[in-house]
file query.txt (compact mmCIF, C-alpha atoms)
# COMPACT_ATOMS: atom_id res chain seq x y z
CA MET H 22 204.15 148.01 192.61
CA PRO H 23 201.24 150.45 192.48
CA ARG H 24 202.46 153.97 192.00
CA LEU H 25 200.95 157.31 192.64
CA LEU H 26 201.84 160.02 190.23
CA ARG H 27 203.42 162.81 192.18
CA PRO H 28 200.85 165.38 193.12
CA ARG H 29 202.41 168.81 193.41
CA VAL H 30 201.68 169.77 196.95
CA SER H 31 203.81 172.03 198.98
CA SER H 32 201.89 173.34 201.92
CA LYS H 33 202.58 171.59 205.21
CA GLU H 34 198.88 171.71 206.00
CA THR H 35 198.01 169.86 202.79
CA LEU H 36 200.73 167.30 203.46
CA ARG H 37 199.40 166.64 206.95
CA LYS H 38 196.07 165.62 205.44
CA LEU H 39 197.67 162.93 203.31
CA ALA H 40 197.80 159.28 204.31
CA ASP H 41 201.21 157.79 205.08
CA GLU H 42 201.16 155.82 201.85
CA GLU H 43 200.64 158.98 199.80
CA LEU H 44 203.40 160.73 201.69
CA MET H 45 205.75 157.86 200.89
CA ALA H 46 205.12 158.35 197.17
CA LEU H 47 206.36 161.91 197.65
CA VAL H 48 209.29 160.80 199.80
CA ALA H 49 210.28 158.47 196.94
CA GLY H 50 210.59 161.63 194.86
CA SER H 51 212.84 163.22 197.52
CA ASP H 52 210.21 165.54 198.95
CA ALA H 53 211.71 166.53 202.32
CA ASP H 54 208.49 168.22 203.50
CA ALA H 55 206.56 164.99 203.04
CA PHE H 56 209.33 163.20 204.91
CA GLU H 57 208.99 165.65 207.78
CA VAL H 58 205.35 164.67 208.22
CA VAL H 59 206.24 160.95 208.19
CA LEU H 60 208.90 161.70 210.79
CA GLU H 61 206.41 163.63 212.95
CA ARG H 62 204.03 160.69 212.93
CA HIS H 63 206.44 157.89 213.71
CA ALA H 64 209.50 159.30 215.46
CA ASP H 65 208.22 158.56 218.98
CA ALA H 66 207.36 154.96 218.17
CA ALA H 67 210.71 154.42 216.42
CA PHE H 68 212.72 155.94 219.26
CA SER H 69 210.74 154.00 221.87
CA LEU H 70 211.33 150.69 220.12
CA ALA H 71 215.03 151.37 219.69
CA TYR H 72 215.29 152.32 223.37
CA ARG H 73 213.39 149.23 224.48
CA ILE H 74 215.82 147.02 222.56
CA CYS H 75 219.18 148.64 223.27
CA GLY H 76 218.42 150.31 226.60
CA ARG H 77 220.67 153.30 226.02
CA ARG H 78 219.53 156.69 225.00
CA ALA H 79 222.48 157.67 222.80
CA LEU H 80 222.36 154.34 220.99
CA ALA H 81 218.60 154.55 220.57
CA GLU H 82 218.98 157.99 219.00
CA GLU H 83 221.61 156.70 216.64
CA ILE H 84 219.44 153.75 215.59
CA ALA H 85 216.37 155.96 215.10
CA GLN H 86 218.41 158.40 213.02
CA GLU H 87 219.89 155.71 210.77
CA SER H 88 216.50 154.11 210.36
CA PHE H 89 214.71 157.28 209.34
CA LEU H 90 217.46 158.16 206.90
CA ALA H 91 217.04 154.67 205.42
CA VAL H 92 213.31 155.40 205.09
CA TRP H 93 214.17 158.70 203.42
CA ARG H 94 216.71 157.21 201.02
CA SER H 95 214.81 154.06 200.13
CA GLY H 96 211.27 155.39 200.27
CA ALA H 97 210.71 154.07 196.77
CA ARG H 98 211.05 150.55 198.10
CA TYR H 99 208.04 150.95 200.33
CA ASP H 100 205.29 148.65 199.10
CA ARG H 101 201.90 149.33 200.63
CA ALA H 102 200.75 145.81 199.78
CA ARG H 103 203.19 144.53 202.39
CA GLY H 104 201.98 146.60 205.33
CA SER H 105 201.63 150.07 206.78
CA VAL H 106 204.34 152.71 206.70
CA ARG H 107 204.61 152.44 210.47
CA THR H 108 205.13 148.68 210.36
CA TRP H 109 207.73 149.07 207.61
CA THR H 110 209.57 151.79 209.50
CA LEU H 111 209.53 149.93 212.80
CA GLY H 112 210.75 146.82 210.98
CA ILE H 113 213.81 148.78 209.88
CA VAL H 114 214.33 150.09 213.43
CA HIS H 115 214.00 146.58 214.85
CA ASN H 116 216.52 145.10 212.38
CA ARG H 117 219.06 147.79 213.09
CA ALA H 118 218.61 147.70 216.84
CA ILE H 119 218.98 143.92 217.01
CA ASP H 120 221.97 144.09 214.69
CA THR H 121 223.59 146.70 216.93
CA LEU H 122 222.89 144.61 220.00
CA ARG H 123 224.39 141.48 218.45
CA ARG H 124 227.47 143.34 217.27
CA SER H 125 227.96 144.97 220.66
CA GLY H 126 229.32 141.66 221.91
CA THR H 127 228.04 138.87 224.06
CA GLN H 128 228.53 140.52 227.42
CA GLU H 129 226.69 143.71 226.66
CA HIS H 130 224.02 141.74 224.86
CA GLN H 131 223.57 139.51 227.89
CA ARG H 132 223.47 142.47 230.26
CA VAL H 133 220.77 144.28 228.37
CA SER H 134 218.47 141.29 228.27
CA ASP H 135 219.18 140.13 231.82
CA GLU H 136 217.88 143.38 233.18
CA GLY H 137 214.13 143.55 232.96
CA ILE H 138 212.69 146.43 231.02
CA ASP H 139 211.25 147.89 234.23
CA GLU H 140 214.67 148.05 235.85
CA ARG H 141 216.15 149.65 232.80
CA LEU H 142 213.44 152.26 232.62
CA GLU H 143 214.22 153.27 236.18
CA ALA H 144 217.60 154.46 234.95
CA PRO H 145 218.35 158.20 235.44
CA GLU H 146 217.65 158.76 231.75
CA ARG H 147 214.06 157.90 232.33
CA THR H 148 213.19 161.27 233.77
CA GLU H 149 214.35 163.09 230.66
CA LEU H 150 212.06 161.06 228.51
CA GLN H 151 208.43 161.81 228.54
CA ALA H 152 206.19 158.81 228.47
CA VAL H 153 203.26 159.01 226.10
CA ASP H 154 200.88 156.12 226.39
CA SER H 155 197.97 154.99 224.32
CA ALA H 156 195.05 152.63 224.58
CA VAL H 157 196.51 150.29 221.96
CA ALA H 158 199.70 150.07 223.99
CA ASP H 159 197.64 149.05 227.03
CA ASP H 160 195.91 146.33 225.03
CA VAL H 161 199.15 144.89 223.67
CA ARG H 162 200.76 144.98 227.09
CA ALA H 163 197.73 143.40 228.72
CA ALA H 164 197.78 140.61 226.15
CA LEU H 165 201.48 139.98 226.76
CA THR H 166 200.99 140.04 230.52
CA ALA H 167 198.17 137.53 230.22
CA LEU H 168 200.50 134.99 228.61
CA PRO H 169 202.08 132.31 230.77
CA ASP H 170 205.49 133.62 231.91
CA GLU H 171 207.42 130.97 230.03
CA GLN H 172 205.77 131.97 226.75
CA ARG H 173 206.14 135.70 227.25
CA ARG H 174 209.77 135.32 228.23
CA VAL H 175 210.82 133.44 225.08
CA ILE H 176 208.97 135.93 222.87
CA GLU H 177 210.62 138.90 224.59
CA LEU H 178 214.10 137.36 224.60
CA ALA H 179 213.82 136.71 220.88
CA TYR H 180 212.12 139.88 219.69
CA PHE H 181 213.59 142.46 222.06
CA GLY H 182 216.76 140.61 223.01
CA GLY H 183 217.79 139.31 219.61
CA PHE H 184 218.58 135.84 220.92
CA THR H 185 218.12 132.70 218.84
CA HIS H 186 215.97 129.87 220.16
CA VAL H 187 219.13 127.83 220.85
CA GLU H 188 220.61 130.65 222.95
CA ILE H 189 217.31 131.04 224.79
CA ALA H 190 217.12 127.31 225.44
CA SER H 191 220.55 127.39 227.05
CA MET H 192 219.74 130.52 229.08
CA LEU H 193 216.56 128.93 230.40
CA ASP H 194 217.95 125.41 230.67
CA ALA H 195 215.16 124.17 228.44
CA PRO H 196 215.22 121.64 225.58
CA VAL H 197 215.62 123.30 222.16
CA GLY H 198 212.31 122.14 220.72
CA THR H 199 210.48 123.38 223.81
CA VAL H 200 211.46 126.98 223.17
CA LYS H 201 210.11 126.89 219.61
CA GLY H 202 206.91 125.35 220.96
CA ARG H 203 206.50 128.10 223.57
CA MET H 204 207.05 130.76 220.93
CA ARG H 205 204.37 129.22 218.80
CA LEU H 206 201.85 128.86 221.62
CA GLY H 207 202.47 132.42 222.77
CA LEU H 208 202.17 133.99 219.35
CA ARG H 209 199.05 131.95 218.55
CA LYS H 210 197.43 133.16 221.76
CA LEU H 211 198.35 136.76 220.97
CA ARG H 212 196.95 136.25 217.49
CA GLY H 213 193.60 135.45 219.05
CA GLU H 214 193.71 138.72 220.99
CA LEU H 215 194.88 140.62 217.94
CA ARG H 216 191.63 140.02 216.11
CA GLY H 217 190.10 142.27 218.74
CA TRP H 218 192.76 144.97 218.22
CA GLU H 219 192.13 145.00 214.50
CA ALA H 220 188.48 145.84 215.09
CA VAL H 221 189.56 148.87 217.10
CA GLY H 222 192.14 149.94 214.58
CA THR H 223 195.29 151.90 215.31
CA MET G 5 192.51 113.52 211.91
CA SER G 6 191.79 115.87 214.80
CA PRO G 7 192.07 119.63 214.28
CA HIS G 8 195.07 119.65 216.58
CA GLU G 9 196.98 117.15 214.47
CA SER G 10 196.16 118.97 211.28
CA ASP G 11 197.83 121.98 212.88
CA PHE G 12 201.09 120.16 212.44
CA ASP G 13 200.57 118.77 208.97
CA CYS G 14 203.91 120.17 207.97
CA PRO G 15 206.62 119.20 210.44
CA GLN G 16 208.38 122.51 209.77
CA LEU G 17 205.32 124.49 210.91
CA LEU G 18 206.86 124.72 214.37
CA ASP G 19 209.62 126.89 212.93
CA ALA G 20 207.22 129.62 211.79
CA ALA G 21 207.02 131.34 215.19
CA ALA G 22 210.79 131.26 215.72
CA TYR G 23 211.18 132.57 212.18
CA VAL G 24 208.96 135.63 212.58
CA LEU G 25 210.65 136.37 215.91
CA GLY G 26 214.03 136.28 214.17
CA ALA G 27 215.08 133.43 216.46
CA LEU G 28 216.16 130.74 214.00
CA GLU G 29 219.84 129.88 213.82
CA HIS G 30 221.67 131.00 210.69
CA ASP G 31 221.61 127.63 208.89
CA GLU G 32 218.04 126.91 209.98
CA LEU G 33 216.98 130.27 208.61
CA ALA G 34 218.37 129.51 205.16
CA ARG G 35 216.74 126.08 205.15
CA TYR G 36 213.41 127.41 206.33
CA ARG G 37 213.33 130.17 203.72
CA GLU G 38 213.94 127.57 201.05
CA HIS G 39 211.31 125.28 202.53
CA MET G 40 208.72 128.06 202.58
CA GLN G 41 209.02 128.58 198.87
CA GLY G 42 207.39 125.21 198.36
CA CYS G 43 205.14 125.08 201.42
CA ALA G 44 201.94 127.11 201.31
CA GLU G 45 201.05 125.99 204.83
CA CYS G 46 204.21 127.47 206.30
CA ARG G 47 203.83 130.65 204.27
CA ALA G 48 200.31 131.10 205.60
CA GLU G 49 201.42 130.47 209.18
CA VAL G 50 204.27 132.94 208.83
CA ALA G 51 201.96 135.60 207.38
CA GLU G 52 199.52 135.05 210.24
CA LEU G 53 202.11 135.21 213.01
CA GLN G 54 203.90 138.15 211.40
CA LEU G 55 200.76 140.19 212.08
CA VAL G 56 201.28 139.56 215.78
CA VAL G 57 204.96 140.46 215.68
CA ASP G 58 204.10 143.67 213.83
CA GLU G 59 202.03 144.72 216.86
CA LEU G 60 204.70 144.02 219.48
CA PRO G 61 206.29 147.49 219.19
CA ALA G 62 202.96 149.03 220.22
CA GLY G 63 203.37 147.52 223.68
CA VAL G 64 206.72 149.15 224.28
CA PRO G 65 206.75 151.96 226.89
CA ARG G 66 206.14 155.03 224.78
CA LEU G 67 208.74 157.78 224.96
CA GLN G 68 208.97 161.08 223.21
CA ALA G 69 211.74 161.31 220.64
CA PRO G 70 214.11 164.13 221.61
CA GLU G 71 213.54 167.29 219.59
CA ALA G 72 217.24 167.51 218.69
CA LEU G 73 217.04 164.03 217.17
CA ARG G 74 214.16 165.00 214.90
CA GLU G 75 216.00 168.12 213.88
CA ARG G 76 219.18 166.20 213.00
CA ILE G 77 217.28 163.68 210.92
CA LEU G 78 215.36 166.34 209.08
CA ALA G 79 218.47 168.43 208.47
CA SER G 80 220.21 165.44 206.85
CA ALA G 81 217.22 164.74 204.65
CA ARG G 82 216.93 168.38 203.61
CA SER G 83 220.58 168.67 202.70
CA GLU G 84 220.40 165.47 200.64
CA ALA G 85 217.27 166.74 198.91
CA ALA G 86 219.10 169.96 198.08
CA VAL G 87 222.00 167.98 196.56
CA LEU G 88 219.58 165.84 194.56
CA HIS G 89 217.61 168.74 193.19
CA ALA G 90 220.78 170.67 192.40
CA ALA G 91 222.27 167.66 190.64
CA GLY G 92 219.84 167.84 187.75
CA HIS G 93 216.44 166.97 189.18
CA HIS G 94 217.36 163.41 189.97
CA ALA G 95 214.27 163.21 192.06
CA ASP G 96 212.00 163.72 189.07
CA ARG G 97 213.77 161.42 186.71
CA PRO G 98 212.78 158.03 188.08
CA VAL G 99 209.09 158.84 187.84
CA ARG G 100 209.40 159.76 184.18
CA ALA G 101 211.58 156.75 183.50
CA ARG G 102 209.10 154.49 185.18
CA ARG G 103 206.24 155.72 183.03
CA ARG G 104 208.23 155.49 179.86
CA LEU G 105 209.33 151.96 180.65
CA ARG G 106 205.92 150.71 181.58
CA SER G 107 205.31 149.25 178.10
CA PRO G 108 204.88 145.45 178.07
CA GLY G 109 208.15 143.64 178.41
CA ALA G 110 210.00 146.72 179.48
CA VAL G 111 212.16 146.44 182.53
CA LEU G 112 211.03 148.54 185.41
CA LEU G 113 213.96 150.24 186.95
CA GLY G 114 211.78 151.21 189.84
CA GLY G 115 212.81 151.75 193.41
CA GLY G 116 216.56 151.65 193.31
CA ALA G 117 216.90 154.35 190.71
CA ALA G 118 214.49 156.59 192.53
CA VAL G 119 216.86 157.05 195.38
CA VAL G 120 220.03 157.49 193.45
CA ALA G 121 222.12 159.96 195.35
CA ALA G 122 225.73 160.78 195.55
CA VAL G 123 225.59 160.92 199.30
CA ALA G 124 229.23 161.62 199.72
CA VAL G 125 232.06 162.13 197.36
CA VAL G 126 235.37 161.96 199.08
CA LEU G 127 238.63 162.96 197.55
CA ALA G 128 241.48 160.96 198.90
CA ILE G 129 245.14 161.20 198.07
CA ALA G 130 246.96 157.91 198.08
CA LEU G 131 250.67 157.71 197.64
CA SER G 132 251.73 155.27 194.97
CA GLY G 133 255.50 155.23 194.62
CA SER G 134 256.55 158.84 194.49
CA SER G 135 253.67 160.29 192.53
CA PRO G 136 250.40 161.06 194.25
CA VAL G 137 247.43 159.25 192.77
CA ARG G 138 244.00 160.67 193.29
CA GLU G 139 241.36 158.25 194.35
CA ARG G 140 237.77 159.36 194.23
CA ILE G 141 235.30 157.55 196.42
CA SER G 142 231.56 157.78 195.77
CA ARG G 143 229.18 156.34 198.26
CA GLY G 144 226.19 154.60 196.78
CA VAL G 145 222.66 154.13 197.93
CA VAL G 146 221.83 150.59 198.96
CA THR G 147 218.19 149.64 198.86
CA ALA G 148 218.68 146.02 199.90
CA ASN G 149 216.90 145.42 203.16
CA ALA G 150 220.02 144.83 205.21
CA PRO G 151 221.10 146.80 208.25
CA GLY G 152 224.33 148.67 207.74
CA ALA G 153 224.70 147.65 204.08
CA SER G 154 226.99 149.95 202.14
CA ALA G 155 228.53 150.28 198.70
CA THR G 156 231.39 152.52 197.59
CA LEU G 157 232.87 153.10 194.19
CA HIS G 158 236.62 153.72 194.19
CA ILE G 159 237.84 155.43 191.04
CA ARG G 160 241.56 155.69 190.47
CA ASP G 161 243.36 156.31 187.17
CA GLY G 162 240.09 155.83 185.30
CA HIS G 163 239.69 152.40 186.83
CA ALA G 164 236.83 151.69 189.21
CA ASP G 165 236.26 149.10 191.91
CA LEU G 166 232.95 148.58 193.62
CA ILE G 167 233.26 147.52 197.23
CA VAL G 168 230.27 146.38 199.26
CA ALA G 169 229.79 145.53 202.93
CA HIS G 170 226.98 143.97 204.94
CA MET G 171 225.10 143.09 201.76
CA PRO G 172 222.63 140.21 201.87
CA GLU G 173 223.29 137.20 199.65
CA PRO G 174 221.94 137.70 196.11
CA GLY G 175 219.58 134.76 196.60
CA ARG G 176 219.80 131.07 195.82
CA GLY G 177 221.05 130.41 192.30
CA ARG G 178 221.64 134.14 191.81
CA ILE G 179 224.53 136.52 191.56
CA TYR G 180 224.98 140.28 191.65
CA GLU G 181 225.51 141.94 188.27
CA VAL G 182 226.95 145.40 187.67
CA TRP G 183 225.21 147.71 185.15
CA LEU G 184 226.22 151.04 183.72
CA LEU G 185 223.64 153.68 183.04
CA LYS G 186 225.00 156.14 180.51
CA ARG G 187 223.98 159.72 180.08
CA GLY G 188 220.94 160.07 177.86
CA SER G 189 220.16 156.38 178.08
CA ALA G 190 217.04 154.99 179.71
CA GLU G 191 218.20 151.42 180.16
CA PRO G 192 221.42 150.34 181.82
CA ALA G 193 223.99 148.37 179.83
CA PRO G 194 225.16 145.01 181.19
CA THR G 195 228.80 144.39 182.16
CA SER G 196 230.77 141.20 182.64
CA ALA G 197 231.18 142.09 186.30
CA LEU G 198 229.36 139.49 188.40
CA PHE G 199 229.98 139.01 192.08
CA GLY G 200 228.80 137.28 195.22
CA VAL G 201 229.34 138.24 198.84
CA THR G 202 230.90 136.51 201.83
CA VAL G 203 228.87 135.37 204.80
CA ALA G 204 229.66 138.76 206.33
CA GLY G 205 228.26 140.45 203.24
CA SER G 206 231.57 141.70 201.87
CA GLY G 207 232.37 141.77 198.20
CA ALA G 208 234.48 143.65 195.67
CA VAL G 209 234.46 143.75 191.90
CA ASP G 210 236.27 145.59 189.10
CA VAL G 211 234.00 147.70 186.98
CA PRO G 212 235.27 146.64 183.55
CA ALA G 213 234.79 149.79 181.54
CA SER G 214 235.64 153.45 181.35
CA LEU G 215 233.19 155.54 183.32
CA GLY G 216 233.43 158.44 180.90
CA GLN G 217 229.80 158.64 179.83
CA VAL G 218 228.44 156.79 182.83
CA LYS G 219 226.17 158.61 185.23
CA GLU G 220 225.23 155.71 187.48
CA VAL G 221 226.63 152.33 188.40
CA LEU G 222 223.82 149.96 189.33
CA VAL G 223 223.73 146.46 190.79
CA THR G 224 220.90 143.95 190.52
CA SER G 225 220.49 140.35 191.61
CA GLU G 226 220.39 138.10 188.51
CA PRO G 227 220.35 134.39 187.72
CA LEU G 228 223.85 132.85 187.74
CA GLY G 229 225.65 133.80 184.57
CA GLY G 230 224.09 137.23 184.50
CA SER G 231 221.40 138.76 182.30
CA ALA G 232 221.37 140.95 179.22
CA HIS G 233 218.63 143.12 180.72
CA PRO G 234 217.99 143.69 184.41
CA THR G 235 215.30 141.33 185.68
CA ARG G 236 215.06 142.92 189.11
CA LYS G 237 215.19 146.34 190.63
CA PRO G 238 218.63 147.65 191.53
CA VAL G 239 219.82 147.03 195.06
CA ILE G 240 222.74 149.43 194.72
CA ALA G 241 222.96 152.71 192.84
CA VAL G 242 226.08 154.85 192.80
CA ALA G 243 225.96 158.20 191.07
CA VAL G 244 229.20 158.88 189.21
CA SER G 245 230.14 162.50 189.57
call {"tool": "encode", "arguments": {"input": "query.txt", "output": "structure tokens"}}
result
Amino acid sequence: MPRLLRPRVSSKETLRKLADEELMALVAGSDADAFEVVLERHADAAFSLAYRICGRRALAEEIAQESFLAVWRSGARYDRARGSVRTWTLGIVHNRAIDTLRRSGTQEHQRVSDEGIDERLEAPERTELQAVDSAVADDVRAALTALPDEQRRVIELAYFGGFTHVEIASMLDAPVGTVKGRMRLGLRKLRGELRGWEAVGT
Amino acid sequence: MSPHESDFDCPQLLDAAAYVLGALEHDELARYREHMQGCAECRAEVAELQLVVDELPAGVPRLQAPEALRERILASARSEAAVLHAAGHHADRPVRARRRLRSPGAVLLGGGAAVVAAVAVVLAIALSGSSPVRERISRGVVTANAPGASATLHIRDGHADLIVAHMPEPGRGRIYEVWLLKRGSAEPAPTSALFGVTVAGSGAVDVPASLGQVKEVLVTSEPLGGSAHPTRKPVIAVAVS
């Protein structure tokens, strides 16, 4: 794993100029100021993802907190060759959120995914949370919306709902192989769109 | 062969999408992981589709993380950093160790050691017969990529047990091995303590030595039978206080 030697930087301003990957090298050395900058950059995305998956504010906060502390404690495991700091962090959030959802029991799990995200976001909590949108978000959403419903639904049930393809097949009354096929078609189509997103950069 | 057919050269290629979406059943997942090791086509498909999955969070309605949440997270990190720095510059040590060990053939301790932290040391009093026996519990740092994974070292009468929960399996044909890193020593010493975990990720093992001179108890995944020198980075590190 490529390593940066630890530069001795202390000023917050200097830290804010560093790339995420450089900050992570400092976090690996238990530099809490560097961690603060990483937190500043990714806390909204982490909280939003956790909220999208579990649908409850208190739970989303708990998941975001555990995830960032995992980033803090295992910063040395971050390997830039395997993706950006944001992707790595959100991967941790996703794992924990899905794990929480699955452990919460079948009924709760079912409830969360039966309600559409729009319904859930109309909950009273919504008003306390300030929505911050971006152009990239619009692109990703537009690409998802452009998918045939049956493909978007299986992708969302799996990724945001934590259901296996067998569970999805039974929920949708579809043959098992069909669900895998829809997942593949949907992701392949999104992959085509993604080439455009890469050009824009995030 | 048409381009469409060549898409499905490997019959398992269909599983790639379900795999990156985390939607394979437990047994399928194990089989597919094994299959991928020998199938470049599936590995390439998984890498390609993973890029898409990595972008899915961007489409989530964007909310602002509550200020109190940020403050709590940062406060935890700062207090742990203070403990680390107070406990003898732990934070600096792994970097030096890494450079020293970089000679050819040397084992890189790497990541796991860098985050060694006695996160919590709990003193518990357990009643054994009539005399109170002190049990000291040290929580370790787990760097395995597993949600909720934990490791605690229970020391009682100079005897230590390592208890883990929610740990991933050590890998096919592998087992977890316990190592002891002594004070003033750069490389951990092997022990005869080897263990696996249940499907739920639980496991427990006796640490077969006195912890007198030991500053850290480490765990790595090793080939069955164990190794004389660690061949992988530690997945668990418990600082012995």
call {"tool": "closest_residue", "arguments": {"input": "query.txt", "among": "H:Thr110, H:Gln172, H:Asn116, H:Ser69", "to": "Gly202 (chain H)", "atoms": "all atoms listed in the file"}}
result
H:Gln172
call {"tool": "atom_distance", "arguments": {"input": "query.txt", "atom1": "CA of His163 (chain G)", "atom2": "CA of Ser214 (chain G)"}}
result
6.9 Å
call {"tool": "closest_residue", "arguments": {"input": "query.txt", "among": "H:Arg117, H:Lys201, H:Arg101, H:Arg73", "to": "Asn149 (chain G)", "atoms": "all atoms listed in the file"}}
result
H:Arg117
call {"tool": "atom_distance", "arguments": {"input": "query.txt", "atom1": "CA of Ala62 (chain G)", "atom2": "CA of Gly207 (chain H)"}}
result
16.8 Å
call {"tool": "atom_distance", "arguments": {"input": "query.txt", "atom1": "CA of Leu198 (chain G)", "atom2": "CA of Asp161 (chain G)"}}
result
21.9 Å
call {"tool": "residues_near_point", "arguments": {"input": "query.txt", "point": "(215.7, 167.0, 199.4)", "cutoff": "9 Å", "atoms": "only C-alpha atoms", "output": "PDB file with C-alpha atoms, in the coordinates of the input"}}
result
ATOM      1  CA  VAL H  48     209.290 160.800 199.800  1.00  0.00           C
ATOM      2  CA  GLY H  50     210.590 161.630 194.860  1.00  0.00           C
ATOM      3  CA  SER H  51     212.840 163.220 197.520  1.00  0.00           C
ATOM      4  CA  ASP H  52     210.210 165.540 198.950  1.00  0.00           C
ATOM      5  CA  ALA H  53     211.710 166.530 202.320  1.00  0.00           C
ATOM      6  CA  ASP H  54     208.490 168.220 203.500  1.00  0.00           C
TER       7      ASP H  54
ATOM      8  CA  SER G  80     220.210 165.440 206.850  1.00  0.00           C
ATOM      9  CA  ALA G  81     217.220 164.740 204.650  1.00  0.00           C
ATOM     10  CA  ARG G  82     216.930 168.380 203.610  1.00  0.00           C
ATOM     11  CA  SER G  83     220.580 168.670 202.700  1.00  0.00           C
ATOM     12  CA  GLU G  84     220.400 165.470 200.640  1.00  0.00           C
ATOM     13  CA  ALA G  85     217.270 166.740 198.910  1.00  0.00           C
ATOM     14  CA  ALA G  86     219.100 169.960 198.080  1.00  0.00           C
ATOM     15  CA  VAL G  87     222.000 167.980 196.560  1.00  0.00           C
ATOM     16  CA  LEU G  88     219.580 165.840 194.560  1.00  0.00           C
ATOM     17  CA  HIS G  89     217.610 168.740 193.190  1.00  0.00           C
ATOM     18  CA  ALA G  95     214.270 163.210 192.060  1.00  0.00           C
TER      19      ALA G  95
END
call {"tool": "interface_residues", "arguments": {"input": "query.txt", "of": "chain H", "to": "chain G", "cutoff": "7 Å", "atoms": "only C-alpha atoms", "output": "VMD selection string"}}
result
chain H and resid 49 to 51 53 57 64 to 66 68 to 70 73 82 86 90 93 to 95 97 to 98 108 116 to 117 150 to 154 157 to 159 161 to 162 179 to 180 184 to 186 201 to 202 204 to 205 208 211 to 212 215
call {"tool": "closest_residue", "arguments": {"input": "query.txt", "among": "H:Leu36, H:Ala79, H:Val187, H:Tyr72", "to": "Thr199 (chain H)", "atoms": "all atoms listed in the file"}}
result
H:Val187
call {"tool": "axis_aligned_box", "arguments": {"input": "query.txt", "around": "region 49-66 of chain H", "padding_each_side": "3 Å", "output": "lines of an AutoDock Vina configuration file"}}
result
center_x = 208.4
center_y = 161.6
center_z = 206.9
size_x = 14.8
size_y = 19.3
size_z = 30.1
call {"tool": "residues_around", "arguments": {"input": "query.txt", "residues": "Ser206 (chain G)", "least_positions_apart": "4", "cutoff": "10 Å", "atoms": "all atoms listed in the file", "output": "number ranges by chain"}}
result
G: 153-155, 167-173, 200-202
call {"tool": "write_last_selection", "arguments": {"input": "query.txt", "atoms": "C-alpha atoms", "output": "mmCIF file, keeping the file's coordinate frame"}}
result
data_model
loop_
_atom_site.group_PDB
_atom_site.id
_atom_site.type_symbol
_atom_site.label_atom_id
_atom_site.label_comp_id
_atom_site.auth_asym_id
_atom_site.auth_seq_id
_atom_site.Cartn_x
_atom_site.Cartn_y
_atom_site.Cartn_z
ATOM 1 C CA ALA G 153 224.700 147.650 204.080
ATOM 2 C CA SER G 154 226.990 149.950 202.140
ATOM 3 C CA ALA G 155 228.530 150.280 198.700
ATOM 4 C CA ILE G 167 233.260 147.520 197.230
ATOM 5 C CA VAL G 168 230.270 146.380 199.260
ATOM 6 C CA ALA G 169 229.790 145.530 202.930
ATOM 7 C CA HIS G 170 226.980 143.970 204.940
ATOM 8 C CA MET G 171 225.100 143.090 201.760
ATOM 9 C CA PRO G 172 222.630 140.210 201.870
ATOM 10 C CA GLU G 173 223.290 137.200 199.650
ATOM 11 C CA GLY G 200 228.800 137.280 195.220
ATOM 12 C CA VAL G 201 229.340 138.240 198.840
ATOM 13 C CA THR G 202 230.900 136.510 201.830
#
